[in-house]
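S.K.: This structure is in structure tokens; I'll ask about it shortly.
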Amino acid sequence: MAEVIILPDHAAVAREAADLWLALAARAVAERGSFNVALSGGSTPRPLFELLASEPYATSAPWEHTYVFWADERRVPPGDPASNYGMAAHLLLSHVPVPRTQVYRMDGEGLANSASRAYTTQLERHFSLGRGDWPRFDLILLGMGEDGHTASIFPGTRAVSDQSNRVLVYEVPKLRAERMTLTLPVINHARHILFLVVGEAKAGVLRDVLLGDYRPSTYPAQAVKLVDGSLVWLVDEAAAARLPRE
Ligand code: 6PG
């Protein structure tokens, strides 16, 4: 089982995640001169983004050497309340000195194929990818839905089995809406993954994902298995309520 750190509440999960972000960013910049991070959306990361925008993180993290991508995006313009980019820009990026040229927004409003091609090209250029290469993010922040989805890889969809694309835009049947997402091979080549999961509503799916049979089409979060990296679940007591406790 991946490392699971159980913390008292959502605020404690955000603090632990902020401290890990700081440590991973410092190490990445020291070793490679940059920190490449991909963000998720939803409600769970909000307190983390607010914390990173406050002291000591706002002045101690290496923002000028940080490159911000997204794990997924809703197909809406950046000003839409549902925009993952919009949330991160409002809560974090407008408060820290990440150069705008180092923020790679997923195109939520363009045509599907051109949006996925454009983001793929940005990844290829930034990570100097050759054929068959995968980008290697220093950190990808992931959340998990009550249905076991992560990023925008939803149960029973072609996103679960896509092993060739780097970015996918597709219609999610249950949402009756398009989503844009990094694919599992990209996610699984990250150096570090932090899953942030809080709240009692996630207790059942968290137990199933961590301890149940391996059924990635049912629980896509189970398919997050790093090729060469560390996967840590940061969960609060409420979400951990149905995990065995020694
Ligand atoms: C998104 C996210 C998605 C999210 C989960 C959990 O675009 O919605 O990337 O994968 O992490 O749906 O969402 P909550 O944090 O709101 O529970």
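In the structure tokens, chains take the letters A, B, ... in the order shown, each chain's residues start at 1, and ligands count up from 1 in the order shown.
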Could you report the residues within 6 Å of ligand 1, using only C-alpha atoms and all ligand atoms, as a ChimeraX atom specification?

M.R.: /A:40-44,72-73,142-145,150-152

S.K.: Looking only at the backbone, which of the residues in range 58-228 of chain A does DSSP tag as helix (DSSP H, G or I), as a ChimeraX atom specification?

M.R.: /A:58-60,63-65,84-93,100-102,112-126,158-161,184-188,200-211,220-223

S.K.: Pick out the closest residue to Val235 in chain A from this set: A:Ala221, A:Leu91, A:Ala11, A:Leu111. Count only C-alpha atoms.

M.R.: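 Closest to Val235 in chain A, using only C-alpha atoms: A:Ala11.
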
S.K.: Applying 10 Å and only C-alpha atoms, which residues near range 122-129 of chain A remain after dropping the ones on its own chain fewer than 5 positions away? List them as a PyMOL selection string.

M.R.: chain A and resi 36+67+69+102+104+106+116-117+134-137+166-167

S.K.: Keeping only N, CA, C and O atoms, write the selected residues to a file as an mmCIF file, in the first residue's frame.

M.R.:
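This went into again32.cif:
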data_model
loop_
_atom_site.group_PDB
_atom_site.id
_atom_site.type_symbol
_atom_site.label_atom_id
_atom_site.label_comp_id
_atom_site.auth_asym_id
_atom_site.auth_seq_id
_atom_site.Cartn_x
_atom_site.Cartn_y
_atom_site.Cartn_z
ATOM 1 N N ASN A 36 8.803 21.613 -11.498
ATOM 2 C CA ASN A 36 7.668 21.447 -12.410
ATOM 3 C C ASN A 36 6.524 20.781 -11.669
ATOM 4 O O ASN A 36 6.648 19.637 -11.213
ATOM 5 N N TYR A 67 7.419 26.087 -12.438
ATOM 6 C CA TYR A 67 6.655 26.005 -13.701
ATOM 7 C C TYR A 67 5.352 25.269 -13.394
ATOM 8 O O TYR A 67 5.390 24.126 -12.898
ATOM 9 N N PHE A 69 1.716 23.694 -14.254
ATOM 10 C CA PHE A 69 0.841 23.057 -15.231
ATOM 11 C C PHE A 69 -0.421 22.595 -14.495
ATOM 12 O O PHE A 69 -0.540 22.771 -13.272
ATOM 13 N N GLN A 102 5.723 31.127 -17.151
ATOM 14 C CA GLN A 102 5.953 29.810 -16.541
ATOM 15 C C GLN A 102 4.660 29.179 -16.034
ATOM 16 O O GLN A 102 4.674 28.250 -15.245
ATOM 17 N N TYR A 104 1.298 27.399 -17.426
ATOM 18 C CA TYR A 104 0.809 26.736 -18.642
ATOM 19 C C TYR A 104 -0.649 26.306 -18.435
ATOM 20 O O TYR A 104 -0.942 25.204 -17.987
ATOM 21 N N MET A 106 -4.308 25.067 -19.272
ATOM 22 C CA MET A 106 -4.975 24.211 -20.247
ATOM 23 C C MET A 106 -6.089 25.036 -20.891
ATOM 24 O O MET A 106 -6.839 25.728 -20.213
ATOM 25 N N SER A 116 -5.945 19.856 -27.018
ATOM 26 C CA SER A 116 -5.083 18.761 -26.530
ATOM 27 C C SER A 116 -3.750 18.767 -27.270
ATOM 28 O O SER A 116 -2.694 18.564 -26.676
ATOM 29 N N ARG A 117 -3.805 19.066 -28.584
ATOM 30 C CA ARG A 117 -2.538 19.132 -29.355
ATOM 31 C C ARG A 117 -1.651 20.253 -28.833
ATOM 32 O O ARG A 117 -0.451 20.096 -28.648
ATOM 33 N N TRP A 134 8.154 10.451 -21.815
ATOM 34 C CA TRP A 134 7.078 10.985 -20.976
ATOM 35 C C TRP A 134 7.611 12.141 -20.145
ATOM 36 O O TRP A 134 8.733 12.066 -19.643
ATOM 37 N N PRO A 135 6.832 13.214 -19.973
ATOM 38 C CA PRO A 135 7.279 14.303 -19.094
ATOM 39 C C PRO A 135 7.380 13.794 -17.660
ATOM 40 O O PRO A 135 6.599 12.938 -17.248
ATOM 41 N N ARG A 136 8.356 14.324 -16.941
ATOM 42 C CA ARG A 136 8.556 13.857 -15.560
ATOM 43 C C ARG A 136 8.373 15.056 -14.631
ATOM 44 O O ARG A 136 9.288 15.845 -14.431
ATOM 45 N N PHE A 137 7.133 15.198 -14.113
ATOM 46 C CA PHE A 137 6.855 16.303 -13.189
ATOM 47 C C PHE A 137 7.529 16.047 -11.840
ATOM 48 O O PHE A 137 7.643 14.880 -11.413
ATOM 49 N N ARG A 166 -0.508 11.989 -24.310
ATOM 50 C CA ARG A 166 -0.009 12.670 -23.109
ATOM 51 C C ARG A 166 -1.112 13.521 -22.484
ATOM 52 O O ARG A 166 -1.178 13.712 -21.282
ATOM 53 N N VAL A 167 -2.002 14.010 -23.387
ATOM 54 C CA VAL A 167 -3.130 14.836 -22.955
ATOM 55 C C VAL A 167 -4.360 14.333 -23.695
ATOM 56 O O VAL A 167 -4.272 13.982 -24.877
#

S.K.: Might you pull out every residue within 8 Å of Arg207 in chain A, with only C-alpha atoms counted and same-chain residues fewer than 3 positions away left off, and present them as number ranges by chain?

M.R.: A: 203-204, 210-212, 240, 242-243

S.K.: Between A:Leu231, A:Val96, A:Ala82, A:Ala30, which has the minimum distance to Tyr57 in chain A (counting only C-alpha atoms)?

M.R.: A:Val96

S.K.: Can you work out the spacing between CA of Val76 in chain A and CA of Glu109 in chain A in Å, to one decimal?

M.R.: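 Interatomic distance here is 5.4 Å.
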
S.K.: Taking only C-alpha atoms into account, which of A:Leu139, A:Ala26, A:Val186, A:Ala177 comes nearest Val68 in chain A?

M.R.: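 Of the candidates, the smallest distance to Val68 in chain A is held by A:Leu139.
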
S.K.: Excluding Pro99 in chain A and any residue of its chain fewer than 6 positions from it, enumerate the residues within 10 Å of it, using only C-alpha atoms, and give them as a list of chain:residue names.

M.R.: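 So, after excluding close chain neighbours, the residues are A:Trp63, A:Glu64, A:His65, A:Thr66, A:Tyr67, A:Val68, A:Leu93.
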